[in-house]
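S.K.: Okay, handing you the structure first.
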Amino acid sequence: MSVNGNGNGKAPPQTILVVEDHPALLKVVKGILEEAHFKVLPASSARKALRIEAEFPGTIDLLLSDVMMPSISGPELAKKLKAQRPKMRIILMSGFPDGGFLVLNYGWHFVQKPFMPRALVGRVRDVLKSKTHEQSTAHFDTRK
């Protein structure tokens, strides 16, 4: 079954912008999500993610971004992208336990690294299926 279409007449795969500054982890996450039949737009930095978002003509359903990255943090990136694509869902991920507390305190979705592939796919599907309660970016502290 191909990632870009499942051949059974269902809607095209949902698109996920994955931002991770560790190349090996970016490759693994991309593979996990493609195996689950999502279209993945990989970015190795927040700056690349901003460029991809600006050039991508279709819908980006979800941003999955690391919290701690050089230059622009995951929360700051989410805030910028949400301004351009208000319907895009956000999941931030971190290997640091404190990242989860900060993210959850502000109503963002969160995944703790390391994660099992099934847990990641389940979390992504749950967030994409959930009824939208708009995640506010206005009060999020974007300091690193």
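Here's how to read the names in the structure tokens: chain A, B, ... by the order shown, residue numbers from 1 in each chain, ligand numbers from 1 in the order shown.
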Give the strand (DSSP E or B) residues of stretch 71-120 of chain A, as DSSP finds them on the backbone, and put them as a PDB file with N, CA and C atoms, in the first residue's frame.
M.R.:
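Once written, states_11.pdb looks like this:
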ATOM      1  N   ARG A  89      -3.100  21.237  13.626  1.00  0.00           N
ATOM      2  CA  ARG A  89      -2.951  20.739  14.989  1.00  0.00           C
ATOM      3  C   ARG A  89      -1.472  20.746  15.351  1.00  0.00           C
ATOM      4  N   ILE A  90      -1.192  20.763  16.660  1.00  0.00           N
ATOM      5  CA  ILE A  90       0.178  20.845  17.147  1.00  0.00           C
ATOM      6  C   ILE A  90       0.446  19.736  18.157  1.00  0.00           C
ATOM      7  N   ILE A  91       1.544  19.011  17.942  1.00  0.00           N
ATOM      8  CA  ILE A  91       2.088  18.103  18.952  1.00  0.00           C
ATOM      9  C   ILE A  91       3.559  18.467  19.102  1.00  0.00           C
ATOM     10  N   LEU A  92       3.967  18.735  20.325  1.00  0.00           N
ATOM     11  CA  LEU A  92       5.371  18.987  20.601  1.00  0.00           C
ATOM     12  C   LEU A  92       5.941  17.769  21.322  1.00  0.00           C
ATOM     13  N   MET A  93       7.211  17.501  21.058  1.00  0.00           N
ATOM     14  CA  MET A  93       7.846  16.336  21.677  1.00  0.00           C
ATOM     15  C   MET A  93       9.165  16.755  22.311  1.00  0.00           C
ATOM     16  N   SER A  94       9.527  16.050  23.388  1.00  0.00           N
ATOM     17  CA  SER A  94      10.765  16.372  24.080  1.00  0.00           C
ATOM     18  C   SER A  94      11.266  15.155  24.829  1.00  0.00           C
ATOM     19  N   HIS A 109      -0.594  19.671  22.847  1.00  0.00           N
ATOM     20  CA  HIS A 109      -0.430  18.222  22.876  1.00  0.00           C
ATOM     21  C   HIS A 109       1.059  17.921  22.978  1.00  0.00           C
ATOM     22  N   PHE A 110       1.382  16.796  23.628  1.00  0.00           N
ATOM     23  CA  PHE A 110       2.771  16.484  23.921  1.00  0.00           C
ATOM     24  C   PHE A 110       3.032  14.994  23.787  1.00  0.00           C
ATOM     25  N   VAL A 111       4.251  14.661  23.321  1.00  0.00           N
ATOM     26  CA  VAL A 111       4.734  13.284  23.280  1.00  0.00           C
ATOM     27  C   VAL A 111       6.111  13.269  23.930  1.00  0.00           C
ATOM     28  N   GLN A 112       6.287  12.382  24.882  1.00  0.00           N
ATOM     29  CA  GLN A 112       7.572  12.242  25.570  1.00  0.00           C
ATOM     30  C   GLN A 112       8.482  11.309  24.767  1.00  0.00           C
TER      31      GLN A 112
END
S.K.: Which residue gives the smallest distance to A:Ala36 among A:Thr15, A:Lys87, A:Leu81, A:Pro57, with only C-alpha atoms counted?
M.R.: A:Thr15
S.K.: I'd like to know which of A:Glu53, A:Phe96, A:Pro23, A:Ala46 is closest to A:Glu76, using only C-alpha atoms.
M.R.: A:Ala46
S.K.: Check stretch 7-87 of chain A with DSSP on the backbone and list each residue it calls alpha helix (DSSP H), as a ChimeraX atom specification.
M.R.: /A:23-35,46-55,74-84
S.K.: I'd like the neighbourhood of A:Arg125 as a list in words, where a residue qualifies if any of its atoms comes within 10 Å (using only C-alpha atoms), though same-chain residues fewer than 6 positions away should be ignored.
M.R.: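 What passes the distance filter is Gln14, Ala36, Phe38 and Ala119 of chain A.
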S.K.: Please dump the current selection as a PDB file, in the first residue's frame; keep C-alpha atoms.
M.R.:
ATOM      1  CA  GLN A  14      -3.203  13.552   6.112  1.00  0.00           C
ATOM      2  CA  ALA A  36       1.031   4.486   9.115  1.00  0.00           C
ATOM      3  CA  PHE A  38       0.585   9.716   6.572  1.00  0.00           C
ATOM      4  CA  ALA A 119       2.286   5.145  20.821  1.00  0.00           C
TER       5      ALA A 119
END
S.K.: What's around A:Lys113 at 12 Å? Count only C-alpha atoms, leave out sequence neighbours fewer than 4 positions away in its own chain, and write the answer as an NGL selection string.
M.R.: :A and (20 or 25 or 29 or 65-67 or 92-100 or 117 or 119-120)
S.K.: Check the smallest atom-to-atom distance from each of A:Ile52, A:Ile32, A:Leu64, A:Ala78 to A:Val127 using only C-alpha atoms, then report the winner.
M.R.: A:Leu64
S.K.: With only C-alpha atoms as the counted atoms, please give the residues lying no more than 9 Å from A:Leu77, apart from itself and same-chain residues fewer than 5 positions off, as an NGL selection string.
M.R.: :A and (46-47 or 49-50 or 65 or 72 or 82 or 142)
S.K.: How about saving the chosen residues, C-alpha atoms kept, as a tab-separated table (two decimals), in the first residue's frame?
M.R.:
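And here is the file that came out, part-v9.tsv:
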chain	number	residue	atom	x	y	z
A	46	ALA	CA	12.63	25.31	12.36
A	47	ARG	CA	13.87	27.57	9.57
A	49	ALA	CA	10.01	24.04	8.42
A	50	LEU	CA	9.01	27.67	7.87
A	65	SER	CA	8.03	19.35	16.47
A	72	ILE	CA	13.84	28.79	17.03
A	82	LYS	CA	-0.41	28.47	13.69
A	142	THR	CA	8.44	30.74	23.93
S.K.: What's around A:Ile60 at 7 Å? Count only C-alpha atoms, leave out sequence neighbours fewer than 2 positions away in its own chain, and write the answer as a PyMOL selection string.
M.R.: chain A and resi 15-17+58+62+88
S.K.: Keeping C-alpha atoms, export the residues of the selection given above as a JSON list (two decimals), in the first residue's frame.
M.R.:
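Generated output (out.json):
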[["chain", "number", "residue", "atom", "x", "y", "z"],
["A", 15, "THR", "CA", -0.04, 15.65, 5.96],
["A", 16, "ILE", "CA", 2.31, 16.04, 8.91],
["A", 17, "LEU", "CA", 5.18, 18.51, 9.10],
["A", 58, "GLY", "CA", -1.74, 21.80, 0.26],
["A", 62, "LEU", "CA", -0.41, 18.60, 11.97],
["A", 88, "MET", "CA", -3.22, 22.93, 11.90]]
S.K.: To one decimal place, how far is atom CA of A:Arg118 from atom CA of A:Leu33 in Å?
M.R.: 9.8 Å
S.K.: Using only C-alpha atoms, which of A:Pro42, A:Gly31, A:Pro13, A:Pro75 sits nearest A:Thr59?
M.R.: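 Of the candidates, the smallest distance to A:Thr59 is held by A:Pro13.
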S.K.: Separation of atom CA of A:Leu128 and atom CA of A:Ala83, in Å?
M.R.: 18.5 Å
S.K.: Rounded to one decimal place, report the atom CA of A:Val40-atom CA of A:Val121 distance in Å.
M.R.: 12.6 Å
